[in-house]
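Visitor: Dropping a structure here in structure tokens format, bear with me for questions.
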Amino acid sequence: MSPTNLFIYILLTSIKAWAYQHPHPHDIVLHLQRKLNASMSSRRRLIEANPMFLQSKDQTPCQTGNPVDDCWRCDPNWANDRQRLADCAIGFGQAAMGGKGGRIYIVTDPTDGDPENPPPGTLRHAAIQSEPLWIIFANDMHINLENELIVSSSKTIDGRGAIVHVTGKGCIVIENVGNIIIHGLYIHDCEPSGKAKIRVSPTDVVGRGKSDGDGLTIKGVRNLWIDHCSFARCTDGLVDVTEGSTAVTITNCYFTDHDKVMLLGHSDDYLADAGMQVTVAFNHFGKGLVERMPRCRHGYFHVVNNDYNEWQLYAIGGSAAPTINSQGNRFIAAPHSHKEVTKRMEAKDDEWKGWNWRSEGDLMVNGAFFVPSGAELSTQYDRASSVPPMSAYLINQLTMHAGALVGVPSNLGDNSPGGGPPVITPPVEGQPSGGNPNIPPGTMPYDGGSYGTTYGTTPPGCFVSGKTPGGCIPGNIQGGGNPGMVPGGGYGMVPGSPPPAMVLQGCGPGIIPYCGGPGSRRISGASGSIGTMARSSIPTNIFLSSLVVLSLHMTMTHSVLLQ
């Protein structure tokens, strides 16, 4: 790219990121905490009115205190009003409407044989349409991509009611678009894709270069919400958010068995990312993870009420002076691994000590510790802290359903042909099922090679009642199977009480037992001026980035003239 084009690209990207950046990020933090407190208060009132609620299996999907889940899962007829989900987002990505207001598109064909001319009924065909669409799945599917799956603006990919695996080459790419919701997918084993021609709209085919093999590649995106997805084993990153993206929320996801988990920011010299604002909430970071949970550059990052069960190098890291607000997380350091939660890169001590990194109400277990930095607490940041974060002792309750949901009843609801909202039903015959018509696509092997069960019975990866071994078994994935499929049993704990030595929390994706005791609670108060820094530095950085590139352009032009 020529210096002139580079200057124009960075300037336009910076302006776009600035336009969608919230001017008062502490207000978003405050709003999230209020919604969380309201949801927990509703649960507390329910328990007080019905003390037997905690012993009832009916309590598991609803009234957990998780404001996202309580927004829609309490409605037994949610499938008849799927688009209500768009009203349940929190954090910086709460304005992501996805395909709300558009038609329902039912994916009936899991194949991906022709990325240049995808047939109707495939996920690829749905994702590239120019109109807003709410995309759902007719049944369980295993979608093995031949190349990058490009998603256009105003789309919701809603995997509720089906087990939908997305794997293969390139995986999902969301680039220079807005209003996207990704919900309820298993995204795993993604590999780099080669050069290819790919259709990106009904009228356009573009040439794509080699990809890195990320699970989700997100570039230049605004208003994005990723919820209840399970990620594992991709070649590069599981989730990469870069190149001027902002207004992003990542909630209720389950991450496991991977090195570089989540990247937030393109590079240290890509100053357009100064406008990046991301919420990371209610996620489960499971076994086999190494680093980047997340790894941040520039921008403002609210990391709240997540469950960290292992990091081999570090959990939260960054460079280029990002603002990191860590609240109410549980950090469980694994034996024989690094105990420090944080890691600063590309900076000397006297530089990173001025970065705004704050830990408030985080729970440190097995020797874990968070190194804060920044100025003393200011009135600007105190505004964001006026509602305290939900206690890290409630992490089991808030993250008990992290990952893609199994056993959610009804996949179509009234969205079948002949009733309900407008529906796109592509004319696709049959439903591939691996050569066996008796086995639905996406059903994974279970119990020594036999096939998993369907809704209403024990989900794949769960222990059969009466055969669950005793002892502490956090994060064990049965047979190396699907990400987030974890054995367990029991129904949580009373809100406000410290976790016992072992709390088994049901059976399903991402529901894990807690092991190791409550540990020590650490509140680090040194890191202020976060609100001031997040607001004042972004326009300055964008302006400076433009000057740097312009200076480079003028220098190179002058050199050419001298020659």
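By order of appearance in the structure tokens: chains A, B, ..., then residues from 1 within every chain, and ligands from 1 in the order shown.
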Residues of stretch 200-239 of chain A that approach stretch 152-156 of chain A to 12 Å or less, counting only C-alpha atoms: could you list each one with the shortest pair of atoms and its distance in Å to one decimal, rows by chain and increasing residue number, as a Markdown table?
Guide:
```
| residue | atom | partner | partner_atom | distance |
| --- | --- | --- | --- | --- |
| A:Val200 | CA | A:Ser152 | CA | 7.4 |
| A:Ser201 | CA | A:Ser152 | CA | 7.5 |
| A:Pro202 | CA | A:Ser152 | CA | 10.6 |
| A:Asp204 | CA | A:Ser152 | CA | 11.9 |
| A:Ile218 | CA | A:Ser152 | CA | 11.9 |
| A:Gly220 | CA | A:Ser153 | CA | 11.9 |
| A:Val221 | CA | A:Ser153 | CA | 9.4 |
| A:Arg222 | CA | A:Ser153 | CA | 9.9 |
| A:Asn223 | CA | A:Ser154 | CA | 9.7 |
| A:Leu224 | CA | A:Ser154 | CA | 9.8 |
| A:Trp225 | CA | A:Thr156 | CA | 9.4 |
| A:Ile226 | CA | A:Thr156 | CA | 10.0 |
| A:Asp227 | CA | A:Thr156 | CA | 11.0 |
```
Visitor: Just write the chosen residues, C-alpha atoms, as a JSON list (two decimals), in the first residue's frame.
Guide:
```json
[["chain", "number", "residue", "atom", "x", "y", "z"],
["A", 200, "VAL", "CA", -19.11, -11.34, -0.26],
["A", 201, "SER", "CA", -22.50, -10.07, -1.44],
["A", 202, "PRO", "CA", -25.18, -11.11, -3.92],
["A", 204, "ASP", "CA", -19.67, -9.09, -5.60],
["A", 218, "ILE", "CA", -12.93, -9.08, 13.41],
["A", 220, "GLY", "CA", -13.00, -2.49, 11.44],
["A", 221, "VAL", "CA", -16.30, -3.57, 13.03],
["A", 222, "ARG", "CA", -18.68, -1.55, 15.20],
["A", 223, "ASN", "CA", -21.59, -2.80, 17.29],
["A", 224, "LEU", "CA", -20.73, -6.47, 17.68],
["A", 225, "TRP", "CA", -21.96, -8.94, 20.29],
["A", 226, "ILE", "CA", -20.57, -12.47, 20.72],
["A", 227, "ASP", "CA", -22.56, -14.55, 23.21]]
```
Visitor: Could you state the separation of atom CA of A:Asp307 and atom CA of A:Ala402 in Å, given to one decimal place?
Guide: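 These two atoms are separated by 9.8 Å.
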Visitor: Which distance in Å separates atom CA of A:Phe92 and atom CA of A:Ile28, to one decimal?
Guide: 6.5 Å
Visitor: What is the atom CA of A:Ala334 to atom CA of A:Trp311 distance in Å?
Guide: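 Distance between the two atoms: 7.1 Å.
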Visitor: Leaving out stretch 284-291 of chain A and any residue of its chain fewer than 3 positions from it, which residues lie within 7 Å of it when counting only C-alpha atoms, given as an mmCIF file with all heavy atoms, in the first residue's frame?
Guide:
```
data_model
loop_
_atom_site.group_PDB
_atom_site.id
_atom_site.type_symbol
_atom_site.label_atom_id
_atom_site.label_comp_id
_atom_site.auth_asym_id
_atom_site.auth_seq_id
_atom_site.Cartn_x
_atom_site.Cartn_y
_atom_site.Cartn_z
ATOM 1 N N CYS A 253 -19.042 -16.900 26.955
ATOM 2 C CA CYS A 253 -18.346 -17.831 26.074
ATOM 3 C C CYS A 253 -17.435 -18.759 26.879
ATOM 4 O O CYS A 253 -17.077 -18.469 28.023
ATOM 5 C CB CYS A 253 -17.541 -17.078 25.013
ATOM 6 S SG CYS A 253 -18.574 -16.227 23.796
ATOM 7 N N TYR A 254 -17.065 -19.860 26.258
ATOM 8 C CA TYR A 254 -16.224 -20.874 26.903
ATOM 9 C C TYR A 254 -14.994 -21.084 26.021
ATOM 10 O O TYR A 254 -15.106 -21.426 24.840
ATOM 11 C CB TYR A 254 -17.004 -22.181 27.046
ATOM 12 C CG TYR A 254 -16.336 -23.223 27.924
ATOM 13 C CD1 TYR A 254 -16.768 -23.446 29.222
ATOM 14 C CD2 TYR A 254 -15.281 -24.002 27.457
ATOM 15 C CE1 TYR A 254 -16.172 -24.401 30.034
ATOM 16 C CE2 TYR A 254 -14.673 -24.959 28.253
ATOM 17 C CZ TYR A 254 -15.125 -25.159 29.542
ATOM 18 O OH TYR A 254 -14.522 -26.106 30.339
ATOM 19 N N PHE A 255 -13.820 -20.872 26.603
ATOM 20 C CA PHE A 255 -12.558 -20.987 25.873
ATOM 21 C C PHE A 255 -11.731 -22.109 26.489
ATOM 22 O O PHE A 255 -11.599 -22.185 27.712
ATOM 23 C CB PHE A 255 -11.782 -19.675 25.950
ATOM 24 C CG PHE A 255 -12.513 -18.483 25.397
ATOM 25 C CD1 PHE A 255 -13.320 -17.704 26.220
ATOM 26 C CD2 PHE A 255 -12.404 -18.123 24.063
ATOM 27 C CE1 PHE A 255 -14.001 -16.596 25.733
ATOM 28 C CE2 PHE A 255 -13.075 -17.020 23.554
ATOM 29 C CZ PHE A 255 -13.880 -16.259 24.390
ATOM 30 N N THR A 256 -11.156 -22.940 25.644
ATOM 31 C CA THR A 256 -10.350 -24.040 26.176
ATOM 32 C C THR A 256 -9.345 -24.522 25.137
ATOM 33 O O THR A 256 -9.502 -24.298 23.930
ATOM 34 C CB THR A 256 -11.266 -25.216 26.600
ATOM 35 O OG1 THR A 256 -10.489 -26.193 27.298
ATOM 36 C CG2 THR A 256 -11.917 -25.874 25.404
ATOM 37 N N ASP A 257 -8.272 -25.157 25.642
ATOM 38 C CA ASP A 257 -7.326 -25.901 24.804
ATOM 39 C C ASP A 257 -6.744 -25.052 23.679
ATOM 40 O O ASP A 257 -6.881 -25.373 22.499
ATOM 41 C CB ASP A 257 -8.024 -27.143 24.238
ATOM 42 C CG ASP A 257 -7.030 -28.150 23.662
ATOM 43 O OD1 ASP A 257 -5.826 -28.051 23.988
ATOM 44 O OD2 ASP A 257 -7.451 -29.023 22.881
ATOM 45 N N HIS A 258 -6.080 -23.948 24.042
ATOM 46 C CA HIS A 258 -5.551 -23.063 23.007
ATOM 47 C C HIS A 258 -4.430 -22.200 23.581
ATOM 48 O O HIS A 258 -4.347 -21.973 24.786
ATOM 49 C CB HIS A 258 -6.666 -22.171 22.457
ATOM 50 C CG HIS A 258 -6.291 -21.476 21.183
ATOM 51 N ND1 HIS A 258 -6.250 -22.110 19.967
ATOM 52 C CD2 HIS A 258 -5.924 -20.195 20.954
ATOM 53 C CE1 HIS A 258 -5.889 -21.251 19.037
ATOM 54 N NE2 HIS A 258 -5.664 -20.083 19.602
ATOM 55 N N ASP A 259 -3.574 -21.674 22.688
ATOM 56 C CA ASP A 259 -2.478 -20.803 23.093
ATOM 57 C C ASP A 259 -2.947 -19.354 23.163
ATOM 58 O O ASP A 259 -3.256 -18.832 24.232
ATOM 59 C CB ASP A 259 -1.317 -20.960 22.108
ATOM 60 C CG ASP A 259 -0.098 -20.123 22.486
ATOM 61 O OD1 ASP A 259 -0.160 -19.375 23.475
ATOM 62 O OD2 ASP A 259 0.927 -20.211 21.774
ATOM 63 N N LYS A 260 -3.075 -18.686 22.039
ATOM 64 C CA LYS A 260 -3.398 -17.256 21.987
ATOM 65 C C LYS A 260 -4.910 -17.094 21.885
ATOM 66 O O LYS A 260 -5.491 -17.256 20.825
ATOM 67 C CB LYS A 260 -2.693 -16.614 20.804
ATOM 68 C CG LYS A 260 -1.178 -16.727 20.895
ATOM 69 C CD LYS A 260 -0.491 -16.231 19.635
ATOM 70 C CE LYS A 260 1.020 -16.399 19.734
ATOM 71 N NZ LYS A 260 1.701 -15.960 18.489
ATOM 72 N N VAL A 261 -5.531 -16.733 22.983
ATOM 73 C CA VAL A 261 -6.988 -16.811 23.093
ATOM 74 C C VAL A 261 -7.687 -15.614 22.453
ATOM 75 O O VAL A 261 -8.490 -15.775 21.532
ATOM 76 C CB VAL A 261 -7.411 -16.940 24.574
ATOM 77 C CG1 VAL A 261 -8.934 -16.994 24.696
ATOM 78 C CG2 VAL A 261 -6.784 -18.195 25.184
ATOM 79 N N ASN A 306 -15.520 -12.741 35.061
ATOM 80 C CA ASN A 306 -15.095 -13.915 34.292
ATOM 81 C C ASN A 306 -14.444 -14.932 35.222
ATOM 82 O O ASN A 306 -13.977 -14.596 36.308
ATOM 83 C CB ASN A 306 -14.100 -13.505 33.201
ATOM 84 C CG ASN A 306 -14.690 -12.521 32.217
ATOM 85 O OD1 ASN A 306 -15.431 -12.874 31.316
ATOM 86 N ND2 ASN A 306 -14.338 -11.248 32.390
ATOM 87 N N ASP A 307 -14.394 -16.176 34.773
ATOM 88 C CA ASP A 307 -13.801 -17.259 35.557
ATOM 89 C C ASP A 307 -12.552 -17.757 34.849
ATOM 90 O O ASP A 307 -12.645 -18.308 33.741
ATOM 91 C CB ASP A 307 -14.816 -18.395 35.719
ATOM 92 C CG ASP A 307 -14.382 -19.413 36.766
ATOM 93 O OD1 ASP A 307 -13.461 -19.100 37.542
ATOM 94 O OD2 ASP A 307 -14.965 -20.515 36.810
ATOM 95 N N TYR A 308 -11.392 -17.559 35.460
ATOM 96 C CA TYR A 308 -10.115 -17.963 34.884
ATOM 97 C C TYR A 308 -9.613 -19.198 35.620
ATOM 98 O O TYR A 308 -9.304 -19.141 36.802
ATOM 99 C CB TYR A 308 -9.092 -16.835 35.015
ATOM 100 C CG TYR A 308 -9.376 -15.626 34.153
ATOM 101 C CD1 TYR A 308 -10.273 -14.642 34.574
ATOM 102 C CD2 TYR A 308 -8.762 -15.463 32.923
ATOM 103 C CE1 TYR A 308 -10.534 -13.529 33.792
ATOM 104 C CE2 TYR A 308 -9.012 -14.353 32.129
ATOM 105 C CZ TYR A 308 -9.894 -13.390 32.565
ATOM 106 O OH TYR A 308 -10.163 -12.284 31.792
ATOM 107 N N ASN A 309 -9.503 -20.320 34.899
ATOM 108 C CA ASN A 309 -9.092 -21.562 35.531
ATOM 109 C C ASN A 309 -7.668 -21.982 35.199
ATOM 110 O O ASN A 309 -7.146 -22.904 35.828
ATOM 111 C CB ASN A 309 -10.051 -22.690 35.139
ATOM 112 C CG ASN A 309 -11.269 -22.735 36.042
ATOM 113 O OD1 ASN A 309 -11.511 -23.708 36.740
ATOM 114 N ND2 ASN A 309 -12.027 -21.663 36.046
ATOM 115 N N GLU A 310 -7.065 -21.340 34.221
ATOM 116 C CA GLU A 310 -5.674 -21.687 33.920
ATOM 117 C C GLU A 310 -5.089 -20.662 32.958
ATOM 118 O O GLU A 310 -5.762 -20.194 32.038
ATOM 119 C CB GLU A 310 -5.572 -23.081 33.293
ATOM 120 C CG GLU A 310 -4.143 -23.531 33.021
ATOM 121 C CD GLU A 310 -4.060 -24.969 32.526
ATOM 122 O OE1 GLU A 310 -4.834 -25.817 33.011
ATOM 123 O OE2 GLU A 310 -3.224 -25.237 31.655
ATOM 124 N N TRP A 311 -3.838 -20.287 33.199
ATOM 125 C CA TRP A 311 -3.041 -19.545 32.229
ATOM 126 C C TRP A 311 -1.605 -19.980 32.447
ATOM 127 O O TRP A 311 -1.102 -20.008 33.559
ATOM 128 C CB TRP A 311 -3.201 -18.032 32.403
ATOM 129 C CG TRP A 311 -2.780 -17.516 33.750
ATOM 130 C CD1 TRP A 311 -1.538 -17.067 34.132
ATOM 131 C CD2 TRP A 311 -3.600 -17.413 34.937
ATOM 132 N NE1 TRP A 311 -1.533 -16.694 35.445
ATOM 133 C CE2 TRP A 311 -2.784 -16.883 35.967
ATOM 134 C CE3 TRP A 311 -4.942 -17.705 35.204
ATOM 135 C CZ2 TRP A 311 -3.276 -16.657 37.257
ATOM 136 C CZ3 TRP A 311 -5.421 -17.473 36.475
ATOM 137 C CH2 TRP A 311 -4.601 -16.956 37.482
ATOM 138 N N GLN A 312 -0.937 -20.344 31.382
ATOM 139 C CA GLN A 312 0.442 -20.820 31.520
ATOM 140 C C GLN A 312 1.443 -19.672 31.531
ATOM 141 O O GLN A 312 2.483 -19.759 32.174
ATOM 142 C CB GLN A 312 0.748 -21.809 30.392
ATOM 143 C CG GLN A 312 -0.083 -23.086 30.486
ATOM 144 C CD GLN A 312 0.222 -24.066 29.367
ATOM 145 O OE1 GLN A 312 1.324 -24.058 28.810
ATOM 146 N NE2 GLN A 312 -0.747 -24.899 29.012
ATOM 147 N N LEU A 313 1.152 -18.572 30.804
ATOM 148 C CA LEU A 313 2.038 -17.409 30.795
ATOM 149 C C LEU A 313 1.420 -16.227 31.532
ATOM 150 O O LEU A 313 2.009 -15.680 32.446
ATOM 151 C CB LEU A 313 2.375 -17.020 29.353
ATOM 152 C CG LEU A 313 3.221 -18.026 28.569
ATOM 153 C CD1 LEU A 313 3.482 -17.520 27.160
ATOM 154 C CD2 LEU A 313 4.544 -18.315 29.282
ATOM 155 N N TYR A 314 0.242 -15.814 31.120
ATOM 156 C CA TYR A 314 -0.469 -14.729 31.788
ATOM 157 C C TYR A 314 -1.932 -14.795 31.372
ATOM 158 O O TYR A 314 -2.296 -15.456 30.391
ATOM 159 C CB TYR A 314 0.127 -13.360 31.428
ATOM 160 C CG TYR A 314 -0.043 -12.973 29.978
ATOM 161 C CD1 TYR A 314 -1.180 -12.272 29.546
ATOM 162 C CD2 TYR A 314 0.911 -13.306 29.021
ATOM 163 C CE1 TYR A 314 -1.349 -11.929 28.222
ATOM 164 C CE2 TYR A 314 0.754 -12.970 27.698
ATOM 165 C CZ TYR A 314 -0.372 -12.276 27.291
ATOM 166 O OH TYR A 314 -0.541 -11.935 25.970
ATOM 167 N N ALA A 315 -2.790 -14.106 32.107
ATOM 168 C CA ALA A 315 -4.214 -14.047 31.756
ATOM 169 C C ALA A 315 -4.523 -12.762 30.996
ATOM 170 O O ALA A 315 -5.015 -12.794 29.881
ATOM 171 C CB ALA A 315 -5.078 -14.159 33.010
ATOM 172 N N THR A 399 -21.429 -17.731 35.685
ATOM 173 C CA THR A 399 -20.830 -18.369 34.502
ATOM 174 C C THR A 399 -21.249 -19.822 34.336
ATOM 175 O O THR A 399 -20.659 -20.546 33.539
ATOM 176 C CB THR A 399 -19.289 -18.291 34.577
ATOM 177 O OG1 THR A 399 -18.828 -19.052 35.705
ATOM 178 C CG2 THR A 399 -18.813 -16.853 34.703
ATOM 179 N N ALA A 402 -21.856 -20.842 30.713
ATOM 180 C CA ALA A 402 -20.966 -20.315 29.677
ATOM 181 C C ALA A 402 -20.774 -21.346 28.572
ATOM 182 O O ALA A 402 -20.745 -22.543 28.803
ATOM 183 C CB ALA A 402 -19.620 -19.936 30.288
ATOM 184 N N GLY A 475 -13.017 -28.824 34.833
ATOM 185 C CA GLY A 475 -12.656 -28.600 33.442
ATOM 186 C C GLY A 475 -12.290 -29.820 32.636
ATOM 187 O O GLY A 475 -11.738 -29.698 31.557
#
```
Visitor: If you run DSSP over the backbone, which residues in stretch 226-404 of chain A end up alpha helix (DSSP H)? Put them as a list in words.
Guide: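 Everything in stretch 226-404 of chain A that counts as alpha helix (DSSP H) is Asp349, Asp350, Glu351, Trp352, Thr379, Gln380, Tyr381, Asp382, Arg383, Ala384, Ile395, Asn396, Gln397 and Leu398 of chain A.
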Visitor: Tell me which of A:Lys353, A:Arg358, A:Arg73, A:Arg292 sits closest to A:Thr323, counting only C-alpha atoms.
Guide: A:Arg358
Visitor: As an NGL selection string, please: the residues near stretch 298-305 of chain A (cut-off 9 Å, only C-alpha atoms, same-chain neighbours under 6 positions excluded).
Guide: :A and (25 or 29 or 91-92 or 246 or 264-265 or 268 or 270-283 or 318-330 or 362 or 389-392 or 394-395 or 398-399 or 530 or 534 or 538)
Visitor: Name the closest residue to A:Val166 among the candidates A:Ser42, A:Gln129, A:Ser230, A:Thr108; distances are taken between atoms, counting only C-alpha atoms.
Guide: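 Answer, going by the shortest atom-to-atom distance: A:Ser230.
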Visitor: Between A:Pro372, A:Val241, A:Val107, A:His401, which residue has the minimum interatomic distance to A:Glu360, considering only C-alpha atoms?
Guide: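 Under the stated criterion, the closest residue is A:Pro372.
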